[in-house]
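Structure data follow from final_23.cif (mmCIF, C-alpha atoms):
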data_data
#
loop_
_atom_site.label_atom_id
_atom_site.label_comp_id
_atom_site.auth_asym_id
_atom_site.auth_seq_id
_atom_site.Cartn_x
_atom_site.Cartn_y
_atom_site.Cartn_z
CA MET A 143 104.73 122.68 89.04
CA SER A 144 105.29 126.16 87.79
CA SER A 145 102.43 128.67 87.74
CA SER A 146 102.02 127.98 84.00
CA GLU A 147 101.35 124.35 84.87
CA ALA A 148 98.98 125.12 87.74
CA ALA A 149 96.32 122.44 88.16
CA PRO A 150 92.72 123.75 88.03
CA LEU A 151 91.29 123.20 91.52
CA LEU A 152 87.65 122.95 92.61
CA ILE A 153 86.64 122.98 96.27
CA SER A 154 83.60 121.01 97.43
CA GLY A 155 82.13 122.42 100.62
CA ALA A 156 83.73 125.71 99.63
CA THR A 157 82.00 128.08 102.04
CA GLY A 158 82.67 126.01 105.16
CA ARG A 159 85.55 126.72 107.49
CA MET A 160 87.88 124.18 105.90
CA GLY A 161 86.80 125.06 102.37
CA ARG A 162 87.59 128.73 102.94
CA THR A 163 91.00 127.85 104.34
CA VAL A 164 91.80 125.60 101.38
CA ALA A 165 90.81 128.44 99.04
CA ARG A 166 93.06 130.92 100.83
CA LEU A 167 96.08 128.63 100.80
CA ALA A 168 95.47 127.50 97.22
CA LEU A 169 95.56 131.11 96.04
CA GLU A 170 98.96 131.46 97.71
CA ASP A 171 100.24 128.21 96.16
CA GLY A 172 101.49 128.37 92.57
CA SER A 173 100.64 124.70 92.08
CA PHE A 174 96.92 125.45 91.64
CA SER A 175 94.52 127.74 89.84
CA LEU A 176 91.22 128.08 91.69
CA VAL A 177 88.27 127.61 89.32
CA GLY A 178 85.55 127.82 91.96
CA GLY A 179 83.62 125.94 94.59
CA LEU A 180 80.60 123.75 95.26
CA ASP A 181 78.23 124.21 98.17
CA ARG A 182 74.59 123.96 99.15
CA GLU A 183 71.89 125.83 97.28
CA GLY A 184 71.78 129.46 98.40
CA ALA A 185 75.28 129.54 99.89
CA THR A 186 76.97 132.92 99.66
CA ARG A 187 80.02 133.11 97.44
CA GLY A 188 83.26 133.81 99.30
CA GLU A 189 85.34 136.68 98.05
CA ARG A 190 88.15 134.32 97.07
CA LEU A 191 86.00 132.06 94.87
CA PRO A 192 85.73 132.90 91.15
CA ALA A 193 82.45 130.94 91.00
CA LEU A 194 80.15 128.97 93.29
CA ALA A 195 77.52 126.40 92.31
CA PRO A 196 75.32 123.77 93.95
CA VAL A 197 75.99 120.15 93.02
CA GLY A 198 73.11 120.02 90.54
CA SER A 199 74.59 122.88 88.50
CA ALA A 200 78.24 121.91 88.84
CA GLY A 201 78.82 120.45 85.37
CA GLN A 202 80.77 123.35 83.89
CA LEU A 203 83.02 123.80 86.94
CA LEU A 204 83.74 120.07 87.07
CA GLN A 205 84.73 120.07 83.41
CA GLN A 206 87.27 122.82 84.12
CA ALA A 207 88.77 121.17 87.21
CA GLN A 208 91.50 118.55 87.32
CA VAL A 209 91.68 118.39 91.12
CA ILE A 210 88.71 118.37 93.54
CA VAL A 211 89.23 118.84 97.27
CA ASP A 212 86.16 117.89 99.32
CA PHE A 213 85.48 119.08 102.86
CA SER A 214 81.69 118.98 102.74
CA ALA A 215 79.28 116.53 104.43
CA PRO A 216 78.50 112.86 103.73
CA ALA A 217 75.18 113.55 101.98
CA PHE A 218 76.71 116.34 99.89
CA LEU A 219 79.63 114.15 98.84
CA GLN A 220 77.23 111.32 97.99
CA GLU A 221 75.22 113.64 95.74
CA LEU A 222 78.41 114.74 93.99
CA LEU A 223 79.56 111.15 93.41
CA GLU A 224 76.15 109.95 92.19
CA THR A 225 75.27 112.95 90.03
CA HIS A 226 78.62 113.47 88.33
CA ALA A 227 80.22 110.02 88.15
CA ASP A 228 81.18 110.49 84.48
CA ARG A 229 82.53 114.03 84.95
CA LEU A 230 84.74 112.89 87.85
CA ALA A 231 86.53 110.33 85.67
CA GLY A 232 90.18 111.20 85.21
CA LYS A 233 90.21 113.70 88.08
CA ALA A 234 92.16 113.69 91.32
CA LEU A 235 89.73 113.55 94.25
CA ILE A 236 90.98 114.48 97.73
CA ILE A 237 88.31 113.60 100.31
CA GLY A 238 88.44 115.06 103.82
CA THR A 239 84.77 114.47 104.68
CA THR A 240 84.40 112.02 107.57
CA GLY A 241 81.53 109.99 109.01
CA LEU A 242 80.87 108.19 105.70
CA SER A 243 78.50 105.24 105.56
CA ALA A 244 79.33 101.88 103.98
CA ASP A 245 77.28 102.87 100.92
CA GLN A 246 79.19 106.13 100.57
CA GLU A 247 82.49 104.27 100.85
CA ARG A 248 81.30 101.99 98.05
CA LEU A 249 80.64 105.06 95.90
CA LEU A 250 84.23 106.13 96.46
CA ASP A 251 85.40 102.65 95.49
CA GLN A 252 83.39 102.96 92.27
CA ALA A 253 84.82 106.42 91.59
CA SER A 254 88.35 105.09 92.10
CA GLU A 255 87.93 102.79 89.12
CA ARG A 256 88.16 105.86 86.88
CA ALA A 257 89.71 108.53 89.11
CA ALA A 258 92.55 108.86 91.61
CA VAL A 259 90.83 108.99 95.03
CA LEU A 260 92.66 109.87 98.24
CA THR A 261 90.75 109.80 101.51
CA ALA A 262 92.01 110.84 104.92
CA ALA A 263 90.34 111.26 108.27
CA ASN A 264 93.02 113.85 108.99
CA PHE A 265 95.48 115.54 106.61
CA SER A 266 97.93 116.57 109.31
CA VAL A 267 101.44 115.23 108.69
CA GLY A 268 101.80 114.74 112.46
CA VAL A 269 98.58 112.76 112.77
CA ASN A 270 99.55 110.46 109.93
CA LEU A 271 102.90 109.81 111.60
CA LEU A 272 100.94 109.13 114.81
CA LEU A 273 98.84 106.53 112.96
CA ALA A 274 101.99 104.68 111.95
CA LEU A 275 103.36 104.86 115.50
CA VAL A 276 100.11 103.56 117.00
CA GLU A 277 100.05 100.57 114.68
CA ARG A 278 103.68 99.78 115.52
CA ALA A 279 103.07 100.14 119.26
CA ALA A 280 99.97 97.95 119.18
CA SER A 281 101.91 95.31 117.28
CA SER A 282 104.82 95.38 119.74
CA LEU A 283 102.87 95.54 123.00
CA GLY A 284 101.03 92.52 124.32
CA GLN A 285 97.39 92.02 125.26
CA GLU A 286 98.28 93.07 128.82
CA PHE A 287 98.20 96.64 127.51
CA ASP A 288 94.69 98.07 127.33
CA ILE A 289 94.11 100.63 124.55
CA GLU A 290 91.98 103.72 125.14
CA ILE A 291 91.55 106.58 122.66
CA VAL A 292 90.45 110.02 123.85
CA GLU A 293 89.57 112.87 121.48
CA ALA A 294 88.34 116.44 121.91
CA HIS A 295 86.80 118.80 119.34
CA HIS A 296 84.77 122.00 119.16
CA ARG A 297 81.13 122.00 120.15
CA ARG A 298 79.90 122.20 116.55
CA LYS A 299 81.36 118.86 115.45
CA GLU A 300 78.51 116.51 114.60
CA ASP A 301 80.11 113.05 114.51
CA ALA A 302 81.67 111.13 117.39
CA PRO A 303 84.10 109.53 117.76
CA SER A 304 85.97 111.69 115.29
CA GLY A 305 87.15 110.24 112.00
CA THR A 306 90.72 110.62 113.22
CA ALA A 307 89.97 108.75 116.45
CA LEU A 308 88.46 105.90 114.44
CA ALA A 309 91.49 105.90 112.15
CA LEU A 310 93.70 105.58 115.23
CA GLY A 311 91.51 102.72 116.42
CA ARG A 312 91.84 100.98 113.05
CA ALA A 313 95.62 101.45 113.23
CA ALA A 314 95.71 99.88 116.69
CA ALA A 315 93.47 97.02 115.57
CA ALA A 316 95.64 96.43 112.49
CA GLY A 317 98.71 96.26 114.72
CA ARG A 318 96.99 93.51 116.70
CA GLY A 319 95.66 91.74 113.63
CA VAL A 320 91.99 92.19 114.53
CA ASN A 321 88.94 93.96 113.10
CA LEU A 322 88.17 97.18 114.98
CA GLU A 323 84.41 96.58 114.97
CA ASP A 324 84.96 93.31 116.83
CA VAL A 325 86.74 95.01 119.75
CA ARG A 326 85.38 98.58 119.74
CA GLN A 327 83.75 100.11 122.82
CA ASP A 328 82.35 103.65 122.71
CA GLY A 329 82.30 105.16 126.20
CA ARG A 330 81.10 103.50 129.40
CA SER A 331 78.18 104.19 131.67
CA GLY A 332 76.39 102.49 134.54
CA ARG A 333 77.85 99.10 135.42
CA PRO A 334 79.42 97.75 132.20
CA GLY A 335 81.43 95.16 134.12
CA ALA A 336 85.14 94.43 133.98
CA ARG A 337 87.00 95.63 130.89
CA PRO A 338 87.43 92.73 128.42
CA ALA A 339 90.96 91.97 127.27
CA GLY A 340 91.66 93.29 123.78
CA GLU A 341 88.98 95.96 123.85
CA ILE A 342 89.74 99.33 122.18
CA GLY A 343 87.87 102.11 123.96
CA PHE A 344 86.80 105.50 122.59
CA HIS A 345 85.90 108.64 124.51
CA ALA A 346 84.79 111.91 122.89
CA MET A 347 84.78 115.39 124.43
CA ARG A 348 83.06 118.38 122.82
CA GLY A 349 83.41 122.00 123.84
CA GLY A 350 84.41 125.52 122.92
CA ASP A 351 86.57 125.89 119.84
CA VAL A 352 88.97 122.94 120.29
CA ILE A 353 90.53 122.31 116.89
CA GLY A 354 91.42 118.68 117.50
CA ASP A 355 93.19 116.76 120.28
CA HIS A 356 93.85 113.01 120.11
CA GLN A 357 95.47 110.74 122.68
CA VAL A 358 96.11 107.01 122.52
CA HIS A 359 96.79 105.34 125.85
CA PHE A 360 98.47 101.95 126.15
CA ILE A 361 97.94 100.92 129.79
CA SER A 362 99.25 97.87 131.63
CA GLU A 363 99.37 97.15 135.35
CA LEU A 364 103.04 98.22 135.40
CA GLU A 365 103.31 101.16 133.00
CA ARG A 366 101.50 103.52 130.66
CA ILE A 367 102.49 104.77 127.21
CA GLU A 368 100.75 107.83 125.79
CA LEU A 369 100.93 108.96 122.16
CA ALA A 370 99.25 112.28 121.42
CA HIS A 371 98.69 115.00 118.84
CA ARG A 372 97.21 118.46 119.35
CA ALA A 373 96.35 120.78 116.49
CA SER A 374 97.16 124.46 117.03
CA ASP A 375 95.76 125.91 113.79
CA ARG A 376 93.19 124.57 111.34
CA SER A 377 95.31 125.65 108.42
CA LEU A 378 97.51 122.60 108.97
CA PHE A 379 94.68 120.37 107.66
CA ALA A 380 94.22 122.49 104.53
CA ALA A 381 97.97 122.58 103.95
CA GLY A 382 98.10 118.78 104.22
CA ALA A 383 95.19 118.42 101.79
CA LEU A 384 96.96 120.61 99.25
CA ARG A 385 100.16 118.61 99.72
CA ALA A 386 98.10 115.49 98.99
CA ALA A 387 96.56 117.21 95.95
CA ARG A 388 99.99 118.04 94.51
CA TRP A 389 101.04 114.41 94.96
CA LEU A 390 97.80 112.90 93.61
CA HIS A 391 97.45 115.07 90.50
CA GLY A 392 98.28 112.94 87.45
CA ARG A 393 98.21 109.60 89.32
CA ALA A 394 96.50 106.53 87.91
CA PRO A 395 92.95 105.67 89.09
CA GLY A 396 92.80 103.91 92.44
CA ARG A 397 92.46 104.41 96.19
CA TYR A 398 95.28 106.25 97.97
CA SER A 399 96.01 107.49 101.49
CA MET A 400 98.28 109.95 103.26
CA ARG A 401 100.63 107.06 103.96
CA ASP A 402 101.29 106.96 100.23
CA VAL A 403 101.88 110.72 100.14
CA LEU A 404 104.29 110.61 103.10
CA ASP A 405 105.87 107.26 102.13
CA LEU A 406 105.10 105.79 105.57
#
As structure tokens, how would this structure be written, given the file I've shared?
Amino acid sequence: MSSSEAAPLLISGATGRMGRTVARLALEDGSFSLVGGLDREGATRGERLPALAPVGSAGQLLQQAQVIVDFSAPAFLQELLETHADRLAGKALIIGTTGLSADQERLLDQASERAAVLTAANFSVGVNLLLALVERAASSLGQEFDIEIVEAHHRRKEDAPSGTALALGRAAAAGRGVNLEDVRQDGRSGRPGARPAGEIGFHAMRGGDVIGDHQVHFISELERIELAHRASDRSLFAAGALRAARWLHGRAPGRYSMRDVLDL
């Protein structure tokens, strides 16, 4: 895209850490023109945002936008999807909000009937490559390899395990041809007994300002394989979301993922 073809971009969750980073990078990227942001009532407008509105007053901004990047919260995203279902038709929706309920996922499915919807637990190119590697490893290694997933994030993160850790668990489960919820174990305490074969374990650490560390351990009695990713700068997630936005803009309605963007 040239600057004359820049896609009008709206950021949902615009005053949060990720929203501010997306705004900064979007202003440096000739693929987009920033029309404004959405955030909670009473949020203070960032200096980079031309306009800021709560969801209930977002009609005009949504009409201007062709691309919406969402790094908000599950309830905020739900309000956006329920309140503005008609205005979202024909848009490109890039969703980075994690911890969504089954009902909220169904709202995204409904939105995808009339809009291009791309969801990702993590927009890092490296993490999405890791997802593919984990699925391949789980498929190749036998049940004698136990799978444990360890993640660490900053103390302010509210959900655990992280959306990325769960995505890694789903990748491992897919490689084994099972449903994650049938084999998932979150942490251990007391006397849980011997580890069942086929279990996929999750362990979450919270502290300081850790951006995001993820490790997947494949452990047998003879050897251990470790696949890991560590984020050094939060801007990598915003850069990945904008890469996804460039790819998604103009696509037909449907559900998409970073695997589609990266051709994995």
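Residues matched by the PyMOL selection byres ((chain A and resi 287) around 8) in this structure: A:Leu283, A:Gly284, A:Gln285, A:Glu286, A:Asp288, A:Ile289, A:Phe360, A:Ile361, A:Ser362, A:Glu363.
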Exercise for review: List the neighbours of A:Leu169 out to 12 Å using all atoms listed in the file; skip same-chain residues closer than 3 positions along the sequence, and give me the result as a list in words.
Suggested key: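 Listed by chain and then number, they are Ser145, Ala148, Ala149, Pro150, Leu151, Leu152, Arg162, Thr163, Val164, Ala165, Arg166, Gly172, Ser173, Phe174, Ser175, Leu176, Val177, Gly178, Glu189, Arg190, Leu191, Pro192, Ala381 and Leu384 of chain A.
Applied to this file, the PyMOL selection byres ((chain A and resi 350) around 6) selects A:His296, A:Arg297, A:Gly349, A:Asp351, A:Val352.
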Check your understanding: For A:Val292, which residue out of A:Val358, A:Leu308, A:Leu249, A:Val269 is the nearest one, using all atoms listed in the file?
Key ->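 That would be A:Val358, the residue with the smallest distance to A:Val292.
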Check your understanding: Between A:Gly161, A:Ser254, A:Val209, A:Gly201, which one has atoms that come closest to A:Arg397, using only C-alpha atoms?
Key ->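 When distances to A:Arg397 are compared using only C-alpha atoms, the smallest one comes from A:Ser254.
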Check your understanding: Could you name the residues that touch A:Ile237 at 8 Å or less, counting all atoms listed in the file, but leaving out those on the same chain fewer than 6 positions away, as a PyMOL selection string?
Key -> chain A and resi 211-213+259-262
Practice item. Can you work out the spacing between atom CA of A:Gly396 and atom CA of A:Ala258 in Å, to one decimal? Key: 5.0 Å
Practice item. Considering only C-alpha atoms, state which residue in the set A:Asp301, A:Gly317, A:Leu369, A:Pro395 is at the smallest distance from A:Ala253. Key: A:Pro395
Point to revise | Nearest residue to A:Gln202 from the set A:Leu180, A:Ala217, A:Ser304, A:Ala185 (distances using all atoms listed in the file) | key: A:Leu180
Point to revise | Among the residues A:Phe265, A:Trp389, A:Phe344, A:Phe218, the one that comes closest to A:Ala373 [using only C-alpha atoms] | key: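 Ranking A:Phe265, A:Trp389, A:Phe344, A:Phe218 by distance to A:Ala373, first place goes to A:Phe265.
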Exercise for review: Given the file shown, determine the residues that the PyMOL selection byres ((chain A and resi 234) around 7) selects; report them as a list in words.
Suggested key: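 Expected selection for the PyMOL selection byres ((chain A and resi 234) around 7) here is Gln208, Val209, Ile210, Gly232, Lys233, Leu235, Ile236, Ala257, Ala258, Val259, Leu390 and His391 of chain A.
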Exercise for review: Kindly indicate which residue among A:Asp171, A:His226, A:Glu293, A:Ala315 lies nearest to A:Gly198, using all atoms listed in the file for the distances.
Suggested key: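 Ranked by minimum distance to A:Gly198, first place goes to A:His226.
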Exercise for review: Would you mind reading off the distance between atom CA of A:Phe379 and atom CA of A:Gly343, one decimal, in Å?
Suggested key: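 Taking atom CA of A:Phe379 and atom CA of A:Gly343, their separation equals 25.4 Å.
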**Study point:** Long-range neighbours of A:Ile342 as a PyMOL selection string, 6 Å cut-off, only C-alpha atoms, 3 positions minimum in chain
**Key:** chain A and resi 289-290+325-326
**Study point:** Point-to-point distance from atom CA of A:Ala207 to atom CA of A:Leu223, Å rounded to tenths
**Key:** 15.0 Å
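All residues of protein, DNA or RNA that reach within 7 Å of A:Ala231, judged by all atoms listed in the file and not counting those fewer than 3 positions away in the chain, are A:Ala227, A:Asp228, A:Arg256, A:Ala257.
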Practice item. Using all atoms listed in the file, determine which residues lie at most 7 Å from A:Arg372, disregarding the query and same-chain residues fewer than 3 positions distant; provide the list as JSON, numbers by chain. Key: {"A": [354, 355, 356]}
Prev. selection, C-alpha atoms, output as a PDB file, in the frame of the given file:
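Okay, out_27.pdb is ready:
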ATOM      1  CA  GLY A 354      91.420 118.680 117.500  1.00  0.00           C
ATOM      2  CA  ASP A 355      93.190 116.760 120.280  1.00  0.00           C
ATOM      3  CA  HIS A 356      93.850 113.010 120.110  1.00  0.00           C
TER       4      HIS A 356
END
